[in-house]
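Student: Just dropping this structure here.
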Amino acid sequence: KRIMVFLLGPATVSLAVPLYKNRQTLLRNTLPALLGLGVGSLATLGVALVLARLLGLPEVMRASISIKSVTAPIAVELAPIIHGSPTLTVACVIATGMIGTMLGPWLMTMTGIHDPLSRGLALGTISHGQGTAQAVSEGELQGAAAGIAMGLAAVFTSCIAPFVCWCSRQWLRS
């Protein structure tokens, strides 16, 4: 445990340096970035719930899958609040990170998304830590944007997931 905590310091600093270097670009694009992050977070939550319902999955699986795009530590804490399984949620989080990291850059390139800020925001919002690592490998601005997106998407999802999941459960009862 101590080794993990020790290594978090350099990892945090490695994300902070590109953030500081690109602060002007990030500040200039704050409003569109926040809007994209909010829509992306809400969309991944909603689409997961709708698909899980269409597949006839039980409530615990729907809830667990819905929060797949936040970091694992947050997902573990959020899962019981929305009536999900922490273990299943972490598996979904890891799978989402891997799939997003493998396919995200390719899909963005194929659809013509080349803007570094957009690519970083998308990878950080949807694929959390693994996507942020991929974004850092693409460039400094992508890494900075992904780091911010990863954190803000986790906060946003933590705030809206209980309400969205509650609405989903009410929808099923009607």
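To be explicit about the labels: the chains of the structure tokens are called A, B, and onward in the order shown, and within each one the residues are counted from 1, while ligands get numbers from 1 in the order they are shown.
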Select from region 9-102 of chain A every residue with an atom at most 10 Å from any atom of region 149-168 of chain A, then for each give the shortest pair of atoms and their distance in Å to one decimal, using only C-alpha atoms, rows by chain and rising number, as JSON lines.
Tutor:
```
{"residue": "A:Ala33", "atom": "CA", "partner": "A:Ala149", "partner_atom": "CA", "distance": 8.5}
{"residue": "A:Leu34", "atom": "CA", "partner": "A:Ala149", "partner_atom": "CA", "distance": 8.6}
{"residue": "A:Gly36", "atom": "CA", "partner": "A:Ala149", "partner_atom": "CA", "distance": 9.7}
{"residue": "A:Leu37", "atom": "CA", "partner": "A:Ala153", "partner_atom": "CA", "distance": 6.5}
{"residue": "A:Gly38", "atom": "CA", "partner": "A:Phe156", "partner_atom": "CA", "distance": 7.2}
{"residue": "A:Val39", "atom": "CA", "partner": "A:Ala153", "partner_atom": "CA", "distance": 10.0}
{"residue": "A:Gly40", "atom": "CA", "partner": "A:Ala153", "partner_atom": "CA", "distance": 8.5}
{"residue": "A:Ser41", "atom": "CA", "partner": "A:Ala153", "partner_atom": "CA", "distance": 6.1}
{"residue": "A:Leu42", "atom": "CA", "partner": "A:Thr157", "partner_atom": "CA", "distance": 7.4}
{"residue": "A:Thr44", "atom": "CA", "partner": "A:Thr157", "partner_atom": "CA", "distance": 9.7}
{"residue": "A:Leu45", "atom": "CA", "partner": "A:Ala161", "partner_atom": "CA", "distance": 7.5}
{"residue": "A:Gly46", "atom": "CA", "partner": "A:Val164", "partner_atom": "CA", "distance": 7.7}
{"residue": "A:Leu49", "atom": "CA", "partner": "A:Ser168", "partner_atom": "CA", "distance": 7.5}
{"residue": "A:Val50", "atom": "CA", "partner": "A:Ser168", "partner_atom": "CA", "distance": 8.6}
{"residue": "A:Arg53", "atom": "CA", "partner": "A:Ser168", "partner_atom": "CA", "distance": 9.1}
{"residue": "A:Glu59", "atom": "CA", "partner": "A:Ser168", "partner_atom": "CA", "distance": 9.4}
{"residue": "A:Arg62", "atom": "CA", "partner": "A:Cys165", "partner_atom": "CA", "distance": 8.6}
{"residue": "A:Ala63", "atom": "CA", "partner": "A:Cys165", "partner_atom": "CA", "distance": 6.6}
{"residue": "A:Ser66", "atom": "CA", "partner": "A:Ala161", "partner_atom": "CA", "distance": 8.0}
{"residue": "A:Ile67", "atom": "CA", "partner": "A:Ala161", "partner_atom": "CA", "distance": 7.3}
{"residue": "A:Lys68", "atom": "CA", "partner": "A:Thr157", "partner_atom": "CA", "distance": 10.0}
{"residue": "A:Ser69", "atom": "CA", "partner": "A:Ala154", "partner_atom": "CA", "distance": 7.8}
{"residue": "A:Val70", "atom": "CA", "partner": "A:Ala154", "partner_atom": "CA", "distance": 5.0}
{"residue": "A:Thr71", "atom": "CA", "partner": "A:Ala154", "partner_atom": "CA", "distance": 6.8}
{"residue": "A:Ala72", "atom": "CA", "partner": "A:Ala154", "partner_atom": "CA", "distance": 9.9}
{"residue": "A:Ile74", "atom": "CA", "partner": "A:Ala154", "partner_atom": "CA", "distance": 7.1}
{"residue": "A:Ala75", "atom": "CA", "partner": "A:Ser158", "partner_atom": "CA", "distance": 8.5}
{"residue": "A:Glu77", "atom": "CA", "partner": "A:Ser158", "partner_atom": "CA", "distance": 9.4}
{"residue": "A:Leu78", "atom": "CA", "partner": "A:Ser158", "partner_atom": "CA", "distance": 6.7}
{"residue": "A:Ala79", "atom": "CA", "partner": "A:Pro162", "partner_atom": "CA", "distance": 9.4}
{"residue": "A:Ile81", "atom": "CA", "partner": "A:Pro162", "partner_atom": "CA", "distance": 6.9}
{"residue": "A:Ile82", "atom": "CA", "partner": "A:Pro162", "partner_atom": "CA", "distance": 5.4}
{"residue": "A:His83", "atom": "CA", "partner": "A:Cys165", "partner_atom": "CA", "distance": 8.7}
{"residue": "A:Gly84", "atom": "CA", "partner": "A:Cys165", "partner_atom": "CA", "distance": 9.9}
```
Student: Looking at A:Gly120, A:Gly112, A:Gly104, A:Pro18, which one is nearest to Glu140 (chain A), with distances taken over only C-alpha atoms?
Tutor: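 Nearest to Glu140 (chain A): A:Pro18.
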Student: Which residue is closest to Trp106 (chain A)? Choose from A:Leu123, A:Leu35, A:Ile94, A:Leu54 and count only C-alpha atoms.
Tutor: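 Between A:Leu123, A:Leu35, A:Ile94, A:Leu54, the residue approaching Trp106 (chain A) most closely is A:Leu123.
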Student: Which residues come within 10 Å of region 19-31 of chain A, counting only C-alpha atoms, excluding same-chain residues fewer than 3 positions away, as a list of chain:residue names?
Tutor: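 Final neighbour list, sorted by chain and number: A:Val13, A:Ser14, A:Leu15, A:Ala16, A:Leu34, A:Leu35, A:Gly36, A:Leu37, A:Leu117, A:Glu140, A:Leu141, A:Gln142, A:Gly143, A:Ala144, A:Ala145, A:Ala146, A:Gly147, A:Ile148.
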Student: Got a sec to tell me which of region 81-134 of chain A DSSP assigns to helix (DSSP H, G or I), as number ranges by chain?
Tutor: A: 81, 86-110, 116-134
Student: Near Ser127 (chain A), counting only C-alpha atoms, which residues have an atom at most 7 Å away, once you skip same-chain residues fewer than 2 positions from it, shown as a ChimeraX atom specification?
Tutor: /A:69,96-97,100-101,123-125,129-131
